[in-house]
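Source file: input.cif. Holds: mmCIF, C-alpha atoms.
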```cif
data_protein
#
loop_
_atom_site.label_atom_id
_atom_site.label_comp_id
_atom_site.auth_asym_id
_atom_site.auth_seq_id
_atom_site.Cartn_x
_atom_site.Cartn_y
_atom_site.Cartn_z
CA MET A 1 51.27 -26.79 2.13
CA SER A 2 54.86 -27.78 2.64
CA LEU A 3 57.80 -25.43 2.56
CA ALA A 4 60.61 -25.33 0.07
CA ARG A 5 63.51 -23.21 -0.98
CA ILE A 6 64.21 -22.81 -4.65
CA LEU A 7 67.06 -21.23 -6.50
CA VAL A 8 66.34 -19.90 -9.97
CA PRO A 9 68.72 -17.31 -11.39
CA PRO A 10 66.84 -14.08 -12.14
CA THR A 11 68.26 -13.64 -15.64
CA ALA A 12 69.87 -15.80 -18.31
CA LYS A 13 70.96 -15.46 -21.91
CA ARG A 14 68.86 -17.17 -24.57
CA GLY A 15 70.04 -20.74 -25.07
CA GLU A 16 72.03 -20.75 -21.86
CA LEU A 17 71.92 -23.67 -19.46
CA VAL A 18 70.31 -22.59 -16.21
CA GLU A 19 70.95 -24.46 -13.01
CA LEU A 20 67.90 -24.93 -10.80
CA ARG A 21 67.89 -26.11 -7.22
CA ILE A 22 65.08 -27.06 -4.92
CA ALA A 23 65.09 -28.25 -1.32
CA ILE A 24 61.76 -29.27 0.16
CA GLN A 25 61.21 -29.43 3.89
CA HIS A 26 59.84 -32.93 4.34
CA PRO A 27 60.69 -35.87 6.65
CA MET A 28 60.47 -38.46 3.80
CA GLU A 29 59.15 -40.98 6.34
CA THR A 30 60.19 -44.46 5.21
CA GLY A 31 57.39 -46.51 6.77
CA PHE A 32 59.99 -48.73 8.48
CA ARG A 33 60.35 -46.64 11.62
CA MET A 34 58.33 -46.97 14.80
CA ASP A 35 57.22 -44.34 17.27
CA ASN A 36 57.78 -44.52 21.04
CA ASN A 37 54.73 -46.76 21.47
CA GLY A 38 55.98 -49.31 18.95
CA ARG A 39 53.50 -48.31 16.28
CA VAL A 40 54.75 -48.08 12.72
CA ILE A 41 54.98 -44.51 11.46
CA PRO A 42 53.25 -44.68 8.07
CA LYS A 43 55.29 -44.07 4.94
CA ASN A 44 55.07 -40.50 3.77
CA THR A 45 57.38 -39.30 1.05
CA VAL A 46 57.20 -36.62 -1.60
CA ASN A 47 56.31 -39.01 -4.40
CA THR A 48 56.17 -36.66 -7.38
CA LEU A 49 57.85 -33.39 -8.18
CA ILE A 50 57.24 -31.65 -11.49
CA CYS A 51 59.12 -28.67 -12.84
CA ARG A 52 57.36 -26.61 -15.49
CA TYR A 53 58.92 -23.85 -17.55
CA ASN A 54 56.40 -21.51 -19.17
CA GLY A 55 53.69 -24.06 -18.47
CA ALA A 56 55.42 -26.98 -20.17
CA GLU A 57 56.81 -29.86 -18.13
CA VAL A 58 60.61 -30.09 -18.45
CA PHE A 59 61.61 -32.24 -15.49
CA ARG A 60 59.91 -34.76 -13.26
CA ALA A 61 61.12 -36.77 -10.28
CA GLU A 62 59.30 -39.72 -8.78
CA MET A 63 60.83 -40.35 -5.39
CA GLY A 64 60.44 -42.77 -2.53
CA SER A 65 61.97 -43.72 0.78
CA GLY A 66 65.41 -43.96 -0.84
CA ILE A 67 65.65 -40.18 -1.06
CA ALA A 68 67.06 -38.52 2.05
CA ALA A 69 64.89 -36.35 4.29
CA ASN A 70 64.41 -32.81 3.02
CA PRO A 71 64.79 -33.85 -0.62
CA TYR A 72 67.22 -31.74 -2.59
CA LEU A 73 67.41 -31.76 -6.37
CA GLN A 74 69.71 -29.87 -8.68
CA PHE A 75 69.31 -29.98 -12.45
CA TYR A 76 69.35 -27.82 -15.58
CA ILE A 77 66.97 -26.28 -18.05
CA VAL A 78 67.65 -24.35 -21.24
CA ALA A 79 66.60 -20.69 -21.14
CA ARG A 80 64.34 -20.03 -24.14
CA GLU A 81 61.72 -17.36 -23.34
CA SER A 82 61.17 -15.16 -20.30
CA GLY A 83 58.67 -16.80 -18.04
CA ASN A 84 57.96 -18.64 -14.86
CA VAL A 85 59.76 -21.68 -13.52
CA GLU A 86 57.23 -23.56 -11.42
CA PHE A 87 57.70 -26.47 -9.08
CA ASN A 88 54.78 -28.60 -7.91
CA TRP A 89 54.99 -31.59 -5.65
CA VAL A 90 52.73 -33.90 -3.69
CA ASP A 91 53.39 -36.37 -0.86
CA ASP A 92 51.79 -39.70 0.03
CA LEU A 93 49.24 -37.99 2.30
CA GLY A 94 48.12 -35.85 -0.61
CA GLU A 95 49.67 -32.68 0.77
CA LYS A 96 50.64 -30.45 -2.11
CA GLY A 97 53.35 -27.86 -2.38
CA ALA A 98 54.28 -25.28 -4.96
CA ALA A 99 56.98 -22.72 -5.56
CA SER A 100 57.79 -20.58 -8.54
CA ALA A 101 60.20 -17.90 -9.66
CA PRO A 102 60.46 -15.74 -12.76
CA LEU A 103 63.32 -16.20 -15.21
CA GLN A 104 64.10 -13.28 -17.49
CA VAL A 105 65.76 -14.24 -20.74
CA THR A 106 67.96 -11.70 -22.47
CA SER A 107 69.23 -12.11 -26.01
CA MET B 1 123.27 -25.95 4.32
CA LYS B 2 123.20 -28.50 1.52
CA THR B 3 125.77 -28.52 -1.21
CA SER B 4 124.54 -28.66 -4.80
CA ASP B 5 125.97 -32.17 -4.97
CA GLN B 6 123.75 -33.31 -2.13
CA ASN B 7 120.76 -31.69 -3.79
CA ARG B 8 121.46 -33.53 -7.04
CA GLN B 9 121.68 -36.80 -5.14
CA ARG B 10 118.38 -36.04 -3.39
CA ARG B 11 116.66 -35.34 -6.69
CA ARG B 12 117.94 -38.58 -8.17
CA VAL B 13 116.54 -40.54 -5.25
CA LEU B 14 113.19 -38.79 -5.48
CA LYS B 15 113.03 -39.43 -9.21
CA ARG B 16 113.73 -43.09 -8.71
CA LEU B 17 111.06 -43.26 -6.04
CA ALA B 18 108.48 -41.55 -8.20
CA GLY B 19 109.25 -43.53 -11.34
CA GLY B 20 110.16 -46.91 -10.02
CA ALA B 21 108.92 -47.61 -6.55
CA LEU B 22 105.70 -45.68 -6.12
CA LEU B 23 103.93 -46.49 -9.38
CA PRO B 24 103.85 -50.28 -9.08
CA LEU B 25 102.44 -49.78 -5.60
CA ALA B 26 99.75 -47.39 -6.79
CA ALA B 27 98.60 -49.43 -9.80
CA PRO B 28 97.25 -52.51 -7.99
CA ALA B 29 95.68 -50.25 -5.36
CA LEU B 30 93.78 -48.42 -8.10
CA ALA B 31 92.74 -51.68 -9.70
CA GLN B 32 91.19 -52.76 -6.42
CA LEU B 33 88.96 -49.70 -6.24
CA PRO B 34 85.34 -50.75 -6.73
CA THR B 35 84.15 -50.00 -10.25
CA VAL B 36 81.46 -51.42 -12.51
CA ARG B 37 80.55 -54.94 -11.51
CA PRO B 38 77.85 -56.61 -13.59
CA PRO B 39 76.28 -59.40 -11.47
CA LEU B 40 74.09 -57.38 -9.04
CA ALA B 41 71.94 -60.44 -8.40
CA GLU B 42 69.43 -58.65 -6.14
CA LEU B 43 68.68 -56.12 -8.83
CA VAL B 44 68.04 -58.56 -11.66
CA PRO B 45 64.22 -58.73 -11.23
CA VAL B 46 64.00 -54.93 -10.95
CA LEU B 47 66.17 -54.43 -14.01
CA LYS B 48 64.09 -56.98 -15.94
CA GLU B 49 60.89 -55.18 -15.09
CA ILE B 50 62.29 -51.83 -16.26
CA THR B 51 64.14 -52.96 -19.35
CA GLN B 52 61.73 -55.73 -20.42
CA GLY B 53 64.74 -57.81 -21.35
CA ALA B 54 66.44 -55.12 -23.45
CA GLN B 55 70.21 -54.96 -23.44
CA VAL B 56 71.84 -52.63 -20.91
CA ARG B 57 75.21 -51.25 -21.91
CA GLU B 58 77.65 -49.92 -19.33
CA ALA B 59 78.73 -46.60 -20.79
CA ARG B 60 77.58 -43.01 -21.25
CA VAL B 61 76.40 -42.74 -17.64
CA LYS B 62 78.64 -41.20 -15.00
CA LEU B 63 77.71 -41.81 -11.39
CA GLU B 64 79.53 -39.71 -8.85
CA ILE B 65 79.02 -40.96 -5.33
CA PRO B 66 81.48 -41.27 -2.46
CA HIS B 67 83.00 -44.77 -2.20
CA LEU B 68 82.86 -44.43 1.55
CA ALA B 69 79.76 -42.85 3.03
CA GLU B 70 79.96 -42.11 6.73
CA ASN B 71 76.23 -41.77 7.12
CA GLY B 72 73.67 -43.73 5.13
CA HIS B 73 70.93 -41.23 5.94
CA LEU B 74 72.38 -38.73 3.54
CA VAL B 75 74.63 -39.70 0.68
CA PRO B 76 75.18 -37.04 -1.98
CA LEU B 77 75.21 -38.22 -5.56
CA THR B 78 75.51 -36.75 -9.04
CA VAL B 79 74.54 -38.56 -12.20
CA GLU B 80 75.42 -37.33 -15.64
CA VAL B 81 74.28 -39.00 -18.85
CA GLU B 82 76.04 -38.23 -22.11
CA SER B 83 73.41 -37.11 -24.54
CA PRO B 84 72.91 -34.25 -27.01
CA MET B 85 69.46 -33.63 -25.41
CA THR B 86 67.82 -32.63 -28.69
CA PRO B 87 64.19 -33.49 -29.52
CA ALA B 88 65.54 -36.33 -31.69
CA ASP B 89 67.90 -37.81 -29.12
CA TYR B 90 67.54 -37.24 -25.40
CA VAL B 91 67.50 -39.04 -22.08
CA ARG B 92 63.90 -39.92 -21.35
CA THR B 93 64.14 -41.55 -17.93
CA LEU B 94 66.86 -41.99 -15.37
CA TYR B 95 66.45 -44.63 -12.68
CA LEU B 96 68.45 -44.61 -9.49
CA LEU B 97 68.53 -48.14 -8.12
CA SER B 98 69.93 -49.60 -4.95
CA GLU B 99 70.91 -53.20 -4.49
CA LYS B 100 70.07 -53.65 -0.82
CA ASN B 101 67.61 -50.95 0.21
CA PRO B 102 64.16 -52.33 1.18
CA ARG B 103 62.76 -50.52 -1.86
CA PRO B 104 65.20 -50.89 -4.73
CA VAL B 105 63.98 -47.96 -6.83
CA ILE B 106 65.35 -44.83 -5.20
CA ALA B 107 64.01 -42.42 -7.80
CA LYS B 108 62.70 -42.25 -11.33
CA ILE B 109 63.65 -39.01 -13.06
CA GLY B 110 61.99 -37.76 -16.21
CA PHE B 111 64.14 -35.54 -18.43
CA SER B 112 63.12 -33.75 -21.60
CA PRO B 113 64.91 -31.90 -24.42
CA GLY B 114 64.15 -28.73 -22.42
CA THR B 115 66.46 -29.97 -19.69
CA GLY B 116 69.47 -29.25 -21.90
CA ARG B 117 71.82 -31.45 -19.94
CA ALA B 118 70.98 -34.77 -18.31
CA VAL B 119 72.54 -34.07 -14.93
CA LEU B 120 70.98 -34.58 -11.55
CA THR B 121 72.39 -33.98 -8.10
CA THR B 122 70.48 -35.24 -5.09
CA ARG B 123 70.93 -36.94 -1.73
CA ILE B 124 69.91 -40.52 -1.13
CA ARG B 125 69.54 -42.99 1.75
CA LEU B 126 71.48 -46.24 1.82
CA ALA B 127 70.48 -49.04 4.19
CA THR B 128 73.89 -50.72 4.06
CA ALA B 129 77.07 -51.04 2.01
CA GLN B 130 75.94 -51.90 -1.49
CA ASN B 131 76.02 -51.14 -5.19
CA VAL B 132 74.16 -48.12 -6.49
CA VAL B 133 73.07 -48.22 -10.12
CA ALA B 134 72.11 -45.37 -12.43
CA LEU B 135 70.12 -46.66 -15.41
CA ALA B 136 69.20 -44.30 -18.22
CA GLN B 137 66.66 -44.92 -20.94
CA MET B 138 67.21 -42.84 -24.07
CA SER B 139 64.49 -41.57 -26.36
CA ASP B 140 65.37 -44.38 -28.82
CA GLY B 141 64.61 -46.92 -26.09
CA GLY B 142 68.23 -47.94 -25.46
CA PHE B 143 69.45 -48.51 -21.92
CA TRP B 144 72.78 -47.33 -20.52
CA ALA B 145 74.00 -47.76 -16.99
CA ALA B 146 76.74 -47.27 -14.45
CA SER B 147 77.16 -48.77 -11.02
CA THR B 148 79.34 -47.98 -8.04
CA GLU B 149 79.92 -49.77 -4.79
CA VAL B 150 79.42 -47.63 -1.71
CA ILE B 151 80.60 -48.62 1.73
CA VAL B 152 78.32 -47.23 4.42
CA THR B 153 79.73 -47.06 7.93
CA GLU B 154 76.61 -45.85 9.73
CA THR B 155 73.52 -47.23 8.05
CA ALA B 156 70.18 -45.57 7.53
CA CYS B 157 68.48 -47.64 10.23
CA LEU B 158 65.22 -49.32 9.48
CA ASP B 159 64.03 -49.64 13.08
CA ALA B 160 63.12 -47.03 15.66
CA THR B 161 66.03 -44.64 15.89
#
```
Just give me the structure of the file as structure tokens.
Amino acid sequence: MSLARILVPPTAKRGELVELRIAIQHPMETGFRMDNNGRVIPKNTVNTLICRYNGAEVFRAEMGSGIAANPYLQFYIVARESGNVEFNWVDDLGEKGAASAPLQVTS
Amino acid sequence: MKTSDQNRQRRRVLKRLAGGALLPLAAPALAQLPTVRPPLAELVPVLKEITQGAQVREARVKLEIPHLAENGHLVPLTVEVESPMTPADYVRTLYLLSEKNPRPVIAKIGFSPGTGRAVLTTRIRLATAQNVVALAQMSDGGFWAASTEVIVTETACLDAT
């Protein structure tokens, strides 16, 4: 399970735009580098990240070697109901990661 | 200490400089700044595969990326697509494309009406100085794009480093 830091504001007004941030600790290995013995280090990137809000997918990122190491994404969602903001991601080796935070919506 | 007469003279000179001399200098310099340039020959096959021959219009997408990146390993970028983001009209997919990276598709981002605003900030790798393209597909199937040239002084090396 890989590590990540997420930033989800604890509360928001209904209909408000909420800024979300996520930074995943991951080398995003390109597959073009070699180790000290001249062997190619296999490509290993976080290929899919999905953000769900109250169980429904709102944002998805399919990434590759063009994304810098320790991928960082910042985007918005609209606060509708109180609930969980969940992030799920998987890398090329099949290693999965998850993080979630509650978002309380006030009217 | 300056007399008021000297001050007036100084202001006149400054005014003339600002109005007459500086502006013609600044205008051609601005015109030379890299902006949208359509050819992007290396990207044509990639664009064709994504758009299936549909027309791509250069508007509505704003790509904020430094013109001069000191380090290609980490180039911050923000893309904003103008869209009401309602269930009837929203940005479905945003592609970040690079002209000269070994893999031209940097990322494929899926937005939804729940996103509220089609804005993404992230950090990308650039193998060399090149054009970066943000291509957005709207829910009606239309394509909109923006491109910017980025000069990279230290590249994201492809060999053992």
Apply the PyMOL selection byres ((chain B) within 10 of (chain A)) to the structure shown and report the selected residues as a PDB file with C-alpha atoms, in the frame of the given file.
```
ATOM      1  CA  GLY B  72      73.670 -43.730   5.130  1.00  0.00           C
ATOM      2  CA  HIS B  73      70.930 -41.230   5.940  1.00  0.00           C
ATOM      3  CA  LEU B  74      72.380 -38.730   3.540  1.00  0.00           C
ATOM      4  CA  VAL B  75      74.630 -39.700   0.680  1.00  0.00           C
ATOM      5  CA  PRO B  76      75.180 -37.040  -1.980  1.00  0.00           C
ATOM      6  CA  THR B  78      75.510 -36.750  -9.040  1.00  0.00           C
ATOM      7  CA  ARG B  92      63.900 -39.920 -21.350  1.00  0.00           C
ATOM      8  CA  THR B  93      64.140 -41.550 -17.930  1.00  0.00           C
ATOM      9  CA  LEU B  94      66.860 -41.990 -15.370  1.00  0.00           C
ATOM     10  CA  TYR B  95      66.450 -44.630 -12.680  1.00  0.00           C
ATOM     11  CA  LEU B  96      68.450 -44.610  -9.490  1.00  0.00           C
ATOM     12  CA  LEU B  97      68.530 -48.140  -8.120  1.00  0.00           C
ATOM     13  CA  SER B  98      69.930 -49.600  -4.950  1.00  0.00           C
ATOM     14  CA  ASN B 101      67.610 -50.950   0.210  1.00  0.00           C
ATOM     15  CA  PRO B 102      64.160 -52.330   1.180  1.00  0.00           C
ATOM     16  CA  ARG B 103      62.760 -50.520  -1.860  1.00  0.00           C
ATOM     17  CA  PRO B 104      65.200 -50.890  -4.730  1.00  0.00           C
ATOM     18  CA  VAL B 105      63.980 -47.960  -6.830  1.00  0.00           C
ATOM     19  CA  ILE B 106      65.350 -44.830  -5.200  1.00  0.00           C
ATOM     20  CA  ALA B 107      64.010 -42.420  -7.800  1.00  0.00           C
ATOM     21  CA  LYS B 108      62.700 -42.250 -11.330  1.00  0.00           C
ATOM     22  CA  ILE B 109      63.650 -39.010 -13.060  1.00  0.00           C
ATOM     23  CA  GLY B 110      61.990 -37.760 -16.210  1.00  0.00           C
ATOM     24  CA  PHE B 111      64.140 -35.540 -18.430  1.00  0.00           C
ATOM     25  CA  SER B 112      63.120 -33.750 -21.600  1.00  0.00           C
ATOM     26  CA  PRO B 113      64.910 -31.900 -24.420  1.00  0.00           C
ATOM     27  CA  GLY B 114      64.150 -28.730 -22.420  1.00  0.00           C
ATOM     28  CA  THR B 115      66.460 -29.970 -19.690  1.00  0.00           C
ATOM     29  CA  GLY B 116      69.470 -29.250 -21.900  1.00  0.00           C
ATOM     30  CA  ARG B 117      71.820 -31.450 -19.940  1.00  0.00           C
ATOM     31  CA  ALA B 118      70.980 -34.770 -18.310  1.00  0.00           C
ATOM     32  CA  VAL B 119      72.540 -34.070 -14.930  1.00  0.00           C
ATOM     33  CA  LEU B 120      70.980 -34.580 -11.550  1.00  0.00           C
ATOM     34  CA  THR B 121      72.390 -33.980  -8.100  1.00  0.00           C
ATOM     35  CA  THR B 122      70.480 -35.240  -5.090  1.00  0.00           C
ATOM     36  CA  ARG B 123      70.930 -36.940  -1.730  1.00  0.00           C
ATOM     37  CA  ILE B 124      69.910 -40.520  -1.130  1.00  0.00           C
ATOM     38  CA  ARG B 125      69.540 -42.990   1.750  1.00  0.00           C
ATOM     39  CA  LEU B 126      71.480 -46.240   1.820  1.00  0.00           C
ATOM     40  CA  ALA B 127      70.480 -49.040   4.190  1.00  0.00           C
ATOM     41  CA  ALA B 156      70.180 -45.570   7.530  1.00  0.00           C
ATOM     42  CA  CYS B 157      68.480 -47.640  10.230  1.00  0.00           C
ATOM     43  CA  LEU B 158      65.220 -49.320   9.480  1.00  0.00           C
ATOM     44  CA  ASP B 159      64.030 -49.640  13.080  1.00  0.00           C
ATOM     45  CA  ALA B 160      63.120 -47.030  15.660  1.00  0.00           C
ATOM     46  CA  THR B 161      66.030 -44.640  15.890  1.00  0.00           C
TER      47      THR B 161
END
```
Rounded to one decimal place, report the CA of Asp91 (chain A)-CA of Ala4 (chain A) distance in Å. 13.2 Å
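You can rank A:Pro42, A:Glu81, A:Cys51, A:Glu29 by their closest distance to Ser100 (chain A) using only C-alpha atoms, and at the top of that list sits A:Cys51.
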Within 12 Å of (63.7, -54.0, -14.4), only C-alpha atoms: residues as a compact mmCIF listing (two decimals) with C-alpha atoms, in the coordinates of the input?
```txt
# COMPACT_ATOMS: atom_id res chain seq x y z
CA GLU B 42 69.43 -58.65 -6.14
CA LEU B 43 68.68 -56.12 -8.83
CA VAL B 44 68.04 -58.56 -11.66
CA PRO B 45 64.22 -58.73 -11.23
CA VAL B 46 64.00 -54.93 -10.95
CA LEU B 47 66.17 -54.43 -14.01
CA LYS B 48 64.09 -56.98 -15.94
CA GLU B 49 60.89 -55.18 -15.09
CA ILE B 50 62.29 -51.83 -16.26
CA THR B 51 64.14 -52.96 -19.35
CA GLN B 52 61.73 -55.73 -20.42
CA GLY B 53 64.74 -57.81 -21.35
CA ALA B 54 66.44 -55.12 -23.45
CA GLN B 55 70.21 -54.96 -23.44
CA VAL B 56 71.84 -52.63 -20.91
CA TYR B 95 66.45 -44.63 -12.68
CA LEU B 96 68.45 -44.61 -9.49
CA LEU B 97 68.53 -48.14 -8.12
CA PRO B 104 65.20 -50.89 -4.73
CA VAL B 105 63.98 -47.96 -6.83
CA VAL B 133 73.07 -48.22 -10.12
CA LEU B 135 70.12 -46.66 -15.41
CA ALA B 136 69.20 -44.30 -18.22
CA GLN B 137 66.66 -44.92 -20.94
CA PHE B 143 69.45 -48.51 -21.92
```
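From CA of Pro102 (chain A) back to CA of Ser82 (chain A), the distance works out to 7.6 Å.
What separates CA of Lys13 (chain A) from CA of Asn88 (chain A) is a distance of 25.1 Å.
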Please provide the set of residues having any atom within 7 Å of Thr128 (chain B), restricted to all atoms listed in the file, with same-chain residues fewer than 6 positions apart removed, written as a CSV table (one decimal) with C-alpha atoms, keeping the file's coordinate frame.
```
chain,number,residue,atom,x,y,z
B,100,LYS,CA,70.1,-53.6,-0.8
B,152,VAL,CA,78.3,-47.2,4.4
B,155,THR,CA,73.5,-47.2,8.0
```
For Gly83 (chain A), the nearest of the candidates A:Asn54, A:Asn44, A:Ala101, A:Lys96, counting only C-alpha atoms: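 Result for the nearest residue to Gly83 (chain A): A:Asn54.
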Measuring atom to atom with only C-alpha atoms, identify which of B:Glu64, B:Glu80, B:Asp89, B:Glu58 is nearest to Thr148 (chain B). B:Glu64
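Evaluated on this file, the PyMOL selection byres ((chain A and resi 11) around 9) matches Val8, Pro9, Pro10, Ala12, Lys13, Ser82, Pro102, Leu103, Gln104, Val105 and Thr106 of chain A.
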The selected residues should be written to file as a tab-separated table (two decimals), in the frame of the given file (atoms: C-alpha atoms).
```tsv
chain	number	residue	atom	x	y	z
A	8	VAL	CA	66.34	-19.90	-9.97
A	9	PRO	CA	68.72	-17.31	-11.39
A	10	PRO	CA	66.84	-14.08	-12.14
A	12	ALA	CA	69.87	-15.80	-18.31
A	13	LYS	CA	70.96	-15.46	-21.91
A	82	SER	CA	61.17	-15.16	-20.30
A	102	PRO	CA	60.46	-15.74	-12.76
A	103	LEU	CA	63.32	-16.20	-15.21
A	104	GLN	CA	64.10	-13.28	-17.49
A	105	VAL	CA	65.76	-14.24	-20.74
A	106	THR	CA	67.96	-11.70	-22.47
```
Skipping near chain neighbours, those fewer than 2 positions away, what residues fall within 9 Å of Glu95 (chain A) using only C-alpha atoms, listed as an NGL selection string? :A and (1-2 or 46 or 89-93 or 97)
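Nearest to Arg60 (chain B) of all the residues B:Val81, B:Val91, B:Met138, B:Ala41 is B:Val81, based on only C-alpha atoms.
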For region 119-133 of chain B, I'd like the enclosing box, axis-aligned and padded by 3 Å on every side, reported as lines of an AutoDock Vina configuration file with centre and edge lengths in Å to one decimal.
```
center_x = 73.3
center_y = -42.9
center_z = -5.4
size_x = 13.5
size_y = 23.9
size_z = 25.1
```
Written record: region 114-133 of chain B, N, CA, C and O atoms, as an mmCIF file, in the first residue's frame:
```cif
data_model
loop_
_atom_site.group_PDB
_atom_site.id
_atom_site.type_symbol
_atom_site.label_atom_id
_atom_site.label_comp_id
_atom_site.auth_asym_id
_atom_site.auth_seq_id
_atom_site.Cartn_x
_atom_site.Cartn_y
_atom_site.Cartn_z
ATOM 1 N N GLY B 114 -19.874 16.791 -11.584
ATOM 2 C CA GLY B 114 -19.583 16.916 -10.153
ATOM 3 C C GLY B 114 -18.277 17.614 -9.847
ATOM 4 O O GLY B 114 -17.994 17.968 -8.701
ATOM 5 N N THR B 115 -17.452 17.804 -10.881
ATOM 6 C CA THR B 115 -16.174 18.486 -10.670
ATOM 7 C C THR B 115 -16.384 19.998 -10.503
ATOM 8 O O THR B 115 -15.556 20.665 -9.895
ATOM 9 N N GLY B 116 -17.440 20.526 -11.085
ATOM 10 C CA GLY B 116 -17.776 21.927 -10.867
ATOM 11 C C GLY B 116 -16.974 22.908 -11.681
ATOM 12 O O GLY B 116 -17.502 23.893 -12.172
ATOM 13 N N ARG B 117 -15.711 22.656 -11.818
ATOM 14 C CA ARG B 117 -14.814 23.553 -12.539
ATOM 15 C C ARG B 117 -13.759 22.672 -13.176
ATOM 16 O O ARG B 117 -13.173 21.830 -12.489
ATOM 17 N N ALA B 118 -13.528 22.839 -14.466
ATOM 18 C CA ALA B 118 -12.549 21.982 -15.144
ATOM 19 C C ALA B 118 -11.158 22.594 -15.013
ATOM 20 O O ALA B 118 -10.646 23.215 -15.934
ATOM 21 N N VAL B 119 -10.589 22.426 -13.845
ATOM 22 C CA VAL B 119 -9.246 22.954 -13.582
ATOM 23 C C VAL B 119 -8.407 21.827 -13.020
ATOM 24 O O VAL B 119 -8.868 21.059 -12.181
ATOM 25 N N LEU B 120 -7.189 21.724 -13.497
ATOM 26 C CA LEU B 120 -6.283 20.730 -12.941
ATOM 27 C C LEU B 120 -4.909 21.351 -12.791
ATOM 28 O O LEU B 120 -4.410 22.019 -13.695
ATOM 29 N N THR B 121 -4.304 21.131 -11.638
ATOM 30 C CA THR B 121 -2.914 21.522 -11.432
ATOM 31 C C THR B 121 -2.126 20.255 -11.165
ATOM 32 O O THR B 121 -2.536 19.424 -10.359
ATOM 33 N N THR B 122 -1.011 20.086 -11.851
ATOM 34 C CA THR B 122 -0.168 18.933 -11.590
ATOM 35 C C THR B 122 1.273 19.285 -11.950
ATOM 36 O O THR B 122 1.584 20.430 -12.246
ATOM 37 N N ARG B 123 2.130 18.281 -11.914
ATOM 38 C CA ARG B 123 3.544 18.508 -12.226
ATOM 39 C C ARG B 123 3.968 17.441 -13.218
ATOM 40 O O ARG B 123 3.738 16.253 -12.996
ATOM 41 N N ILE B 124 4.558 17.877 -14.325
ATOM 42 C CA ILE B 124 4.880 16.921 -15.383
ATOM 43 C C ILE B 124 6.383 16.845 -15.621
ATOM 44 O O ILE B 124 7.155 17.658 -15.113
ATOM 45 N N ARG B 125 6.779 15.830 -16.427
ATOM 46 C CA ARG B 125 8.172 15.686 -16.838
ATOM 47 C C ARG B 125 8.278 16.091 -18.296
ATOM 48 O O ARG B 125 7.405 15.760 -19.096
ATOM 49 N N LEU B 126 9.349 16.779 -18.648
ATOM 50 C CA LEU B 126 9.572 17.128 -20.046
ATOM 51 C C LEU B 126 10.978 16.693 -20.440
ATOM 52 O O LEU B 126 11.957 17.070 -19.810
ATOM 53 N N ALA B 127 11.060 15.889 -21.514
ATOM 54 C CA ALA B 127 12.344 15.339 -21.923
ATOM 55 C C ALA B 127 13.244 16.410 -22.526
ATOM 56 O O ALA B 127 14.457 16.351 -22.425
ATOM 57 N N THR B 128 12.656 17.401 -23.168
ATOM 58 C CA THR B 128 13.442 18.450 -23.806
ATOM 59 C C THR B 128 12.538 19.653 -24.078
ATOM 60 O O THR B 128 11.349 19.602 -23.810
ATOM 61 N N ALA B 129 13.126 20.731 -24.603
ATOM 62 C CA ALA B 129 12.317 21.896 -24.957
ATOM 63 C C ALA B 129 11.310 21.487 -26.022
ATOM 64 O O ALA B 129 11.674 20.820 -26.989
ATOM 65 N N GLN B 130 10.075 21.831 -25.843
ATOM 66 C CA GLN B 130 9.035 21.339 -26.749
ATOM 67 C C GLN B 130 7.719 22.064 -26.502
ATOM 68 O O GLN B 130 7.592 22.875 -25.609
ATOM 69 N N ASN B 131 6.729 21.696 -27.335
ATOM 70 C CA ASN B 131 5.382 22.219 -27.141
ATOM 71 C C ASN B 131 4.587 21.267 -26.256
ATOM 72 O O ASN B 131 4.673 20.054 -26.412
ATOM 73 N N VAL B 132 3.839 21.845 -25.341
ATOM 74 C CA VAL B 132 2.923 21.059 -24.524
ATOM 75 C C VAL B 132 1.513 21.440 -24.951
ATOM 76 O O VAL B 132 1.214 22.612 -25.158
ATOM 77 N N VAL B 133 0.665 20.434 -25.139
ATOM 78 C CA VAL B 133 -0.687 20.672 -25.630
ATOM 79 C C VAL B 133 -1.700 20.174 -24.610
ATOM 80 O O VAL B 133 -1.535 19.095 -24.054
#
```
